[in-house]
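Scroll down for the structure; my scribbles are underneath it.
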Amino acid sequence: LRAARGADLALDIAGLVTKVNVQSGDEVKEGQVLLQLRDSEDVAQLHQLEAAAALAEVTFGRAKQQLAVKAISQADYDTAAADLKAKQAAVQQQQVNVAKKQLRAPFAGRAGIVTINPGAFLDSGKMIVTLQQLDPVFVDFHLPQKNLGELHVNQKVTLTLDAFGNKSFEGTLSAISPKVDSDTRNVQVEAKVPNPDRVLTPGMFTNASVEVPVTSSTIATI
């Protein structure tokens, strides 16, 4: 089984952890801040740049009015316009730097085991937590090419797992590979299975049965 979406989350900069807003096993929302690095210096610099940009905007507005009455030259006006653009760009760049100090969930899902605490120093690229979207889940398996003519998208697929005894999980065939493996003569198949209770976990192995048309007496089982 594999998750609909899954990722091992990390930051691309190093820094000191000030807040950890997620616990092991939490369900998190897309965009939620999971971890915060110290950013006081970056925020202070952002405020300075925003103040400079605000002043440049006032200066540009005054220059625009003065140009209309021919009180300044076109060159002075162009200088004020360029200065405003440069300061606005500096603000945007610093906003990016501040945002880099936060780890946000790229999608909704369940967090894995969290072992990092406030006060820890993180190296850039260090894996912080895994995030898995568990509903739905997908199962990938292979069938012989002789069964290819009996397969089509949306066919019923039934999963059974040793971990759940006689309980079965139903899904649908969601994709068929357009290529047959030349060595094994098998075709890769993907099935999508609802998992509202989050009991199916990525990495599990399962038995998958595909229900073929009634005109055939064959049930393909993996």
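Ordered as shown in the structure tokens, chains take letters A, B, and onward, while each chain numbers its residues from 1 and ligands are numbered from 1 in the order shown.
Residues in contact with Gly31 of chain A at 7 Å, where only C-alpha atoms are counted and same-chain residues fewer than 5 positions away are skipped, are listed as Arg104, Ala105, Pro106 and Phe107 of chain A.
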Checklist entry - Could you name the residues that touch Arg5 of chain A at 8 Å or less, counting only C-alpha atoms, but leaving out those on the same chain fewer than 2 positions away, as a list of chain:residue names? => result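 The filter keeps A:Ala3, A:Ala7, A:Gln132, A:Gln133, A:Leu134.
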Next on the checklist: Let me make sure I understand: among A:Leu84, A:Ala51, A:Leu1, A:Gln32, which one has the smallest atom-to-atom distance to Ala63 of chain A if we use only C-alpha atoms?
Outcome noted: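 Closest residue, counting only C-alpha atoms: A:Leu84.
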Item to check | Spatial neighbours of Asp83 of chain A, max dist 12 Å, only C-alpha atoms, sep filter under 2 positions, as a PyMOL selection string | outcome: chain A and resi 52-60+63+76-81+85-90
Write out the residues from the selection above, keeping all heavy atoms, as a compact mmCIF listing (two decimals), in the first residue's frame.
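Just written: part11.txt:
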```txt
# COMPACT_ATOMS: atom_id res chain seq x y z
N ALA A 52 11.12 51.37 4.81
CA ALA A 52 11.82 52.02 3.70
C ALA A 52 10.96 52.00 2.44
O ALA A 52 10.93 52.99 1.68
CB ALA A 52 13.16 51.34 3.45
N ALA A 53 10.25 50.90 2.21
CA ALA A 53 9.38 50.81 1.03
C ALA A 53 8.21 51.77 1.15
O ALA A 53 7.77 52.38 0.15
CB ALA A 53 8.88 49.38 0.86
N ALA A 54 7.67 51.92 2.37
CA ALA A 54 6.56 52.85 2.57
C ALA A 54 7.00 54.28 2.29
O ALA A 54 6.28 55.07 1.66
CB ALA A 54 6.03 52.72 4.00
N LEU A 55 8.20 54.64 2.74
CA LEU A 55 8.73 55.98 2.46
C LEU A 55 8.98 56.18 0.97
O LEU A 55 8.67 57.25 0.41
CB LEU A 55 10.03 56.19 3.23
CG LEU A 55 10.74 57.54 3.02
CD1 LEU A 55 9.82 58.69 3.41
CD2 LEU A 55 12.05 57.59 3.81
N ALA A 56 9.50 55.14 0.32
CA ALA A 56 9.74 55.24 -1.13
C ALA A 56 8.43 55.40 -1.89
O ALA A 56 8.38 56.10 -2.91
CB ALA A 56 10.47 53.99 -1.61
N GLU A 57 7.36 54.78 -1.39
CA GLU A 57 6.06 54.92 -2.05
C GLU A 57 5.53 56.35 -1.93
O GLU A 57 4.97 56.90 -2.87
CB GLU A 57 5.07 53.93 -1.43
CG GLU A 57 3.74 53.87 -2.14
CD GLU A 57 2.84 52.76 -1.66
OE1 GLU A 57 3.23 52.06 -0.69
OE2 GLU A 57 1.75 52.57 -2.24
N VAL A 58 5.73 56.95 -0.73
CA VAL A 58 5.32 58.34 -0.54
C VAL A 58 6.14 59.25 -1.46
O VAL A 58 5.59 60.16 -2.12
CB VAL A 58 5.50 58.76 0.93
CG1 VAL A 58 5.27 60.27 1.09
CG2 VAL A 58 4.54 57.98 1.82
N THR A 59 7.44 59.01 -1.53
CA THR A 59 8.31 59.82 -2.38
C THR A 59 7.91 59.70 -3.84
O THR A 59 7.90 60.69 -4.59
CB THR A 59 9.78 59.38 -2.19
OG1 THR A 59 10.13 59.52 -0.82
CG2 THR A 59 10.71 60.22 -3.05
N PHE A 60 7.58 58.49 -4.27
CA PHE A 60 7.17 58.28 -5.65
C PHE A 60 5.85 58.99 -5.93
O PHE A 60 5.68 59.60 -7.01
CB PHE A 60 7.03 56.79 -5.94
CG PHE A 60 6.44 56.49 -7.28
CD1 PHE A 60 7.17 56.70 -8.44
CD2 PHE A 60 5.13 56.01 -7.39
CE1 PHE A 60 6.63 56.43 -9.69
CE2 PHE A 60 4.59 55.74 -8.63
CZ PHE A 60 5.33 55.94 -9.78
N ALA A 63 6.62 62.55 -6.37
CA ALA A 63 7.30 62.78 -7.65
C ALA A 63 6.32 62.72 -8.81
O ALA A 63 6.44 63.48 -9.79
CB ALA A 63 8.41 61.74 -7.84
N ASP A 76 14.30 62.46 -12.64
CA ASP A 76 14.04 62.38 -11.21
C ASP A 76 12.85 61.47 -10.92
O ASP A 76 12.86 60.70 -9.95
CB ASP A 76 13.77 63.78 -10.63
CG ASP A 76 15.03 64.64 -10.63
OD1 ASP A 76 16.14 64.07 -10.63
OD2 ASP A 76 14.89 65.88 -10.63
N TYR A 77 11.84 61.59 -11.75
CA TYR A 77 10.67 60.71 -11.61
C TYR A 77 11.06 59.24 -11.79
O TYR A 77 10.66 58.37 -11.01
CB TYR A 77 9.60 61.11 -12.62
CG TYR A 77 8.44 60.14 -12.67
CD1 TYR A 77 7.40 60.20 -11.76
CD2 TYR A 77 8.40 59.15 -13.66
CE1 TYR A 77 6.34 59.30 -11.82
CE2 TYR A 77 7.35 58.25 -13.73
CZ TYR A 77 6.32 58.33 -12.80
OH TYR A 77 5.28 57.42 -12.85
N ASP A 78 11.86 58.96 -12.82
CA ASP A 78 12.28 57.59 -13.08
C ASP A 78 13.12 57.05 -11.92
O ASP A 78 13.02 55.86 -11.57
CB ASP A 78 13.08 57.52 -14.38
CG ASP A 78 12.22 57.80 -15.60
OD1 ASP A 78 10.98 57.69 -15.48
OD2 ASP A 78 12.80 58.14 -16.66
N THR A 79 13.94 57.90 -11.33
CA THR A 79 14.75 57.49 -10.19
C THR A 79 13.87 57.11 -9.00
O THR A 79 14.10 56.09 -8.34
CB THR A 79 15.71 58.61 -9.78
OG1 THR A 79 16.60 58.90 -10.87
CG2 THR A 79 16.53 58.20 -8.57
N ALA A 80 12.84 57.91 -8.74
CA ALA A 80 11.92 57.61 -7.64
C ALA A 80 11.16 56.32 -7.91
O ALA A 80 10.94 55.50 -7.00
CB ALA A 80 10.95 58.77 -7.45
N ALA A 81 10.76 56.07 -9.16
CA ALA A 81 10.03 54.85 -9.51
C ALA A 81 10.91 53.62 -9.34
O ALA A 81 10.48 52.59 -8.81
CB ALA A 81 9.51 54.94 -10.95
N LYS A 85 10.50 50.36 -6.70
CA LYS A 85 10.51 48.97 -7.14
C LYS A 85 11.60 48.17 -6.43
O LYS A 85 11.38 47.01 -6.02
CB LYS A 85 10.69 48.88 -8.65
CG LYS A 85 9.49 49.37 -9.44
CD LYS A 85 9.73 49.23 -10.93
CE LYS A 85 8.53 49.71 -11.74
NZ LYS A 85 8.75 49.60 -13.21
N ALA A 86 12.76 48.76 -6.27
CA ALA A 86 13.87 48.06 -5.61
C ALA A 86 13.54 47.76 -4.15
O ALA A 86 13.82 46.67 -3.65
CB ALA A 86 15.14 48.90 -5.71
N LYS A 87 12.94 48.75 -3.47
CA LYS A 87 12.61 48.54 -2.06
C LYS A 87 11.47 47.55 -1.90
O LYS A 87 11.43 46.77 -0.94
CB LYS A 87 12.29 49.88 -1.40
CG LYS A 87 13.54 50.73 -1.17
CD LYS A 87 13.23 52.02 -0.45
CE LYS A 87 14.51 52.71 0.04
NZ LYS A 87 15.48 52.99 -1.00
N GLN A 88 10.51 47.55 -2.81
CA GLN A 88 9.43 46.56 -2.76
C GLN A 88 9.97 45.14 -3.01
O GLN A 88 9.54 44.19 -2.37
CB GLN A 88 8.35 46.90 -3.78
CG GLN A 88 7.51 48.13 -3.40
CD GLN A 88 6.53 48.52 -4.47
OE1 GLN A 88 6.72 48.23 -5.66
NE2 GLN A 88 5.46 49.20 -4.08
N ALA A 89 10.93 45.05 -3.92
CA ALA A 89 11.54 43.74 -4.19
C ALA A 89 12.32 43.25 -2.98
O ALA A 89 12.31 42.05 -2.66
CB ALA A 89 12.46 43.85 -5.40
N ALA A 90 12.98 44.18 -2.27
CA ALA A 90 13.72 43.80 -1.07
C ALA A 90 12.77 43.28 0.01
O ALA A 90 13.09 42.33 0.73
CB ALA A 90 14.51 44.99 -0.55
```
Compile the contact shell of Thr158 of chain A as a PDB file with C-alpha atoms, in the first residue's frame: residues with an atom at most 9 Å away, counting only C-alpha atoms, same-chain residues fewer than 6 positions apart removed.
```pdb
ATOM      1  CA  SER A 168     -11.884  -7.090   3.513  1.00  0.00           C
ATOM      2  CA  PHE A 169     -11.562  -3.618   2.008  1.00  0.00           C
ATOM      3  CA  GLU A 170     -13.171  -2.655  -1.262  1.00  0.00           C
ATOM      4  CA  GLY A 171     -11.876  -0.239  -3.839  1.00  0.00           C
ATOM      5  CA  THR A 172     -11.727   0.312  -7.567  1.00  0.00           C
ATOM      6  CA  VAL A 193      -9.183   2.159  -1.783  1.00  0.00           C
ATOM      7  CA  ASN A 207      -3.766  -9.655  -1.262  1.00  0.00           C
ATOM      8  CA  ALA A 208      -5.723  -8.018  -4.096  1.00  0.00           C
ATOM      9  CA  SER A 209      -8.566  -9.655  -6.023  1.00  0.00           C
ATOM     10  CA  VAL A 210      -9.913  -8.078  -9.196  1.00  0.00           C
ATOM     11  CA  GLU A 211     -13.502  -8.852 -10.161  1.00  0.00           C
TER      12      GLU A 211
END
```
Item to check | Sel. of alpha helix (DSSP H) residues, segment 57-217 of chain A, as a VMD selection string | outcome: chain A and resid 57 to 68 74 to 99
Item to check | Ser174 of chain A environment, 8 Å, only C-alpha atoms, sequence neighbours closer than 6 positions dropped, as a PyMOL selection string | outcome: chain A and resi 153-154+189-192
Checklist entry - Please, which residues of chain A, numbered as in this document, come out strand (DSSP E) from DSSP, as a PyMOL selection string? => result chain A and resi 2-10+15-20+27-28+33-37+102-104+109-111+121-122+127-144+156-160+168-180+186-193+207-210+220-221
Checklist entry - atom CA of Lys167 of chain A to atom CA of Ala4 of chain A: how many Å, to one decimal? => result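 Pair atom CA of Lys167 of chain A / atom CA of Ala4 of chain A returns 21.9 Å.
Taking atom CA of Leu131 of chain A and atom CA of Ala111 of chain A as the two end points, the separation is 4.6 Å.
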Checklist entry - What's the 9 Å shell around Val43 of chain A, counting only C-alpha atoms, without same-chain residues fewer than 5 positions away, as a PyMOL selection string? => result chain A and resi 48+94-95+98
Would you put the residues from that selection into a file with N, CA and C atoms, as a PDB file, in the first residue's frame?
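That gives us again-v7.pdb:
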```pdb
ATOM      1  N   GLN A  48      12.131  46.870   8.905  1.00  0.00           N
ATOM      2  CA  GLN A  48      12.932  47.984   8.410  1.00  0.00           C
ATOM      3  C   GLN A  48      12.730  48.180   6.906  1.00  0.00           C
ATOM      4  N   GLN A  94      12.770  39.477   1.606  1.00  0.00           N
ATOM      5  CA  GLN A  94      12.872  39.233   3.039  1.00  0.00           C
ATOM      6  C   GLN A  94      11.667  38.448   3.551  1.00  0.00           C
ATOM      7  N   GLN A  95      10.519  38.632   2.945  1.00  0.00           N
ATOM      8  CA  GLN A  95       9.351  37.832   3.308  1.00  0.00           C
ATOM      9  C   GLN A  95       9.599  36.356   3.017  1.00  0.00           C
ATOM     10  N   VAL A  98      11.841  35.036   5.780  1.00  0.00           N
ATOM     11  CA  VAL A  98      11.081  34.784   7.010  1.00  0.00           C
ATOM     12  C   VAL A  98      10.269  33.498   6.871  1.00  0.00           C
TER      13      VAL A  98
END
```
